[in-house]
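Below: one structure, written as structure tokens.
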Amino acid sequence: MFSSNDIIDKIVVSTWLPPPANAFKISFDGAYLKDSQVGVGACVMRNSQGRAVFSIAKRFHNVSSPAIIEALALRESIQLAARTQTLNPYFEGDAKSIIDVVLSSKPVELNCDVILQNYRSLCGELGFTNFSFVRRNCNWAVHE
């Protein structure tokens, strides 16, 4: 039998945290429709007050998995940061496997390995190092 303390210990409270002053955070996410092999990748750049300053949503056709859509959404967020010449942006997404690949030097075992290998090198060139996994409820701005 569980006590009330056991149940409370299992609850994780998650909220979106803004980036430091004068910095930007880019949240990314993807949505995939298996039957039609179509997905949408999106990202939202917000300032330290939480205001959206840029957003992108892009449809992709002939996609074979949700992981590919998440990787393409990450690509859109990296390209947004590069186009806007954002210095030291913070990236966050709710696809843990994608974030883990970007942060590690391990070989990629996902079906989007070419996309992710390319982003590793692009991020290295641009000096982008701030990537983090967030729970789905913290990624709400991208879902909008």
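The way I read the labels, and the way they are meant: chains A, B, ... in the order of the structure tokens, residue 1 as the first residue of every chain, and ligand 1 as the first ligand shown, with later ones counted on from there.
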Using only C-alpha atoms, find each residue of stretch 82-115 of chain A with at least one atom at most 12 Å away from an atom of stretch 24-46 of chain A; report its shortest atom-to-atom pair and that distance in Å (one decimal), sort the rows by chain and rising residue number, and return the result as JSON lines.
```
{"residue": "A:Ala82", "atom": "CA", "partner": "A:Ile26", "partner_atom": "CA", "distance": 11.8}
{"residue": "A:Thr84", "atom": "CA", "partner": "A:Met45", "partner_atom": "CA", "distance": 10.4}
{"residue": "A:Gln85", "atom": "CA", "partner": "A:Phe24", "partner_atom": "CA", "distance": 11.2}
{"residue": "A:Thr86", "atom": "CA", "partner": "A:Phe24", "partner_atom": "CA", "distance": 7.6}
{"residue": "A:Leu87", "atom": "CA", "partner": "A:Phe24", "partner_atom": "CA", "distance": 8.4}
{"residue": "A:Asn88", "atom": "CA", "partner": "A:Phe24", "partner_atom": "CA", "distance": 8.1}
{"residue": "A:Pro89", "atom": "CA", "partner": "A:Phe24", "partner_atom": "CA", "distance": 5.3}
{"residue": "A:Tyr90", "atom": "CA", "partner": "A:Lys25", "partner_atom": "CA", "distance": 4.5}
{"residue": "A:Phe91", "atom": "CA", "partner": "A:Ile26", "partner_atom": "CA", "distance": 4.8}
{"residue": "A:Glu92", "atom": "CA", "partner": "A:Ser27", "partner_atom": "CA", "distance": 4.8}
{"residue": "A:Gly93", "atom": "CA", "partner": "A:Phe28", "partner_atom": "CA", "distance": 5.2}
{"residue": "A:Asp94", "atom": "CA", "partner": "A:Asp29", "partner_atom": "CA", "distance": 6.8}
{"residue": "A:Ala95", "atom": "CA", "partner": "A:Asp29", "partner_atom": "CA", "distance": 7.6}
{"residue": "A:Lys96", "atom": "CA", "partner": "A:Asp29", "partner_atom": "CA", "distance": 11.1}
{"residue": "A:Ile98", "atom": "CA", "partner": "A:Asp29", "partner_atom": "CA", "distance": 10.6}
{"residue": "A:Ile99", "atom": "CA", "partner": "A:Phe28", "partner_atom": "CA", "distance": 10.8}
```
Using only C-alpha atoms, find each residue of stretch 25-104 of chain A with at least one atom at most 12 Å away from an atom of stretch 112-117 of chain A; report its shortest atom-to-atom pair and that distance in Å (one decimal), sort the rows by chain and rising residue number, and return the result as JSON lines.
```
{"residue": "A:Val63", "atom": "CA", "partner": "A:Cys112", "partner_atom": "CA", "distance": 10.3}
{"residue": "A:Ser64", "atom": "CA", "partner": "A:Cys112", "partner_atom": "CA", "distance": 9.6}
{"residue": "A:Ser65", "atom": "CA", "partner": "A:Cys112", "partner_atom": "CA", "distance": 8.7}
{"residue": "A:Pro66", "atom": "CA", "partner": "A:Cys112", "partner_atom": "CA", "distance": 9.7}
{"residue": "A:Ala67", "atom": "CA", "partner": "A:Cys112", "partner_atom": "CA", "distance": 6.7}
{"residue": "A:Ile68", "atom": "CA", "partner": "A:Cys112", "partner_atom": "CA", "distance": 5.2}
{"residue": "A:Ile69", "atom": "CA", "partner": "A:Cys112", "partner_atom": "CA", "distance": 8.9}
{"residue": "A:Glu70", "atom": "CA", "partner": "A:Cys112", "partner_atom": "CA", "distance": 9.3}
{"residue": "A:Ala71", "atom": "CA", "partner": "A:Leu116", "partner_atom": "CA", "distance": 6.6}
{"residue": "A:Leu72", "atom": "CA", "partner": "A:Ile115", "partner_atom": "CA", "distance": 7.5}
{"residue": "A:Ala73", "atom": "CA", "partner": "A:Ile115", "partner_atom": "CA", "distance": 10.7}
{"residue": "A:Leu74", "atom": "CA", "partner": "A:Leu116", "partner_atom": "CA", "distance": 8.9}
{"residue": "A:Arg75", "atom": "CA", "partner": "A:Ile115", "partner_atom": "CA", "distance": 8.0}
{"residue": "A:Glu76", "atom": "CA", "partner": "A:Ile115", "partner_atom": "CA", "distance": 11.5}
{"residue": "A:Ile78", "atom": "CA", "partner": "A:Leu116", "partner_atom": "CA", "distance": 11.5}
{"residue": "A:Ser97", "atom": "CA", "partner": "A:Leu116", "partner_atom": "CA", "distance": 10.9}
{"residue": "A:Ile98", "atom": "CA", "partner": "A:Leu116", "partner_atom": "CA", "distance": 7.9}
{"residue": "A:Ile99", "atom": "CA", "partner": "A:Leu116", "partner_atom": "CA", "distance": 9.8}
{"residue": "A:Asp100", "atom": "CA", "partner": "A:Leu116", "partner_atom": "CA", "distance": 10.7}
{"residue": "A:Val101", "atom": "CA", "partner": "A:Leu116", "partner_atom": "CA", "distance": 7.4}
{"residue": "A:Val102", "atom": "CA", "partner": "A:Leu116", "partner_atom": "CA", "distance": 7.0}
{"residue": "A:Leu103", "atom": "CA", "partner": "A:Leu116", "partner_atom": "CA", "distance": 10.6}
{"residue": "A:Ser104", "atom": "CA", "partner": "A:Gln117", "partner_atom": "CA", "distance": 10.9}
```
### Summary
What separates atom CA of A:Ala23 and atom CA of A:Ser121 is a distance of 22.6 Å
### Task
Quick one: pick out all alpha helix (DSSP H) residues within stretch 15-121 of chain A from a backbone DSSP run and write them as JSON, numbers by chain.
{"A": [66, 67, 68, 69, 70, 71, 72, 73, 74, 75, 76, 77, 78, 79, 80, 81, 82, 83, 96, 97, 98, 99, 100, 101, 102, 103, 113, 114, 115, 116, 117, 118, 119, 120, 121]}
### Query
Could you write out, as number ranges by chain, all the residues of stretch 10-96 of chain A that DSSP marks as strand (DSSP E)?
A: 25-33, 38-46, 52-61, 90-93
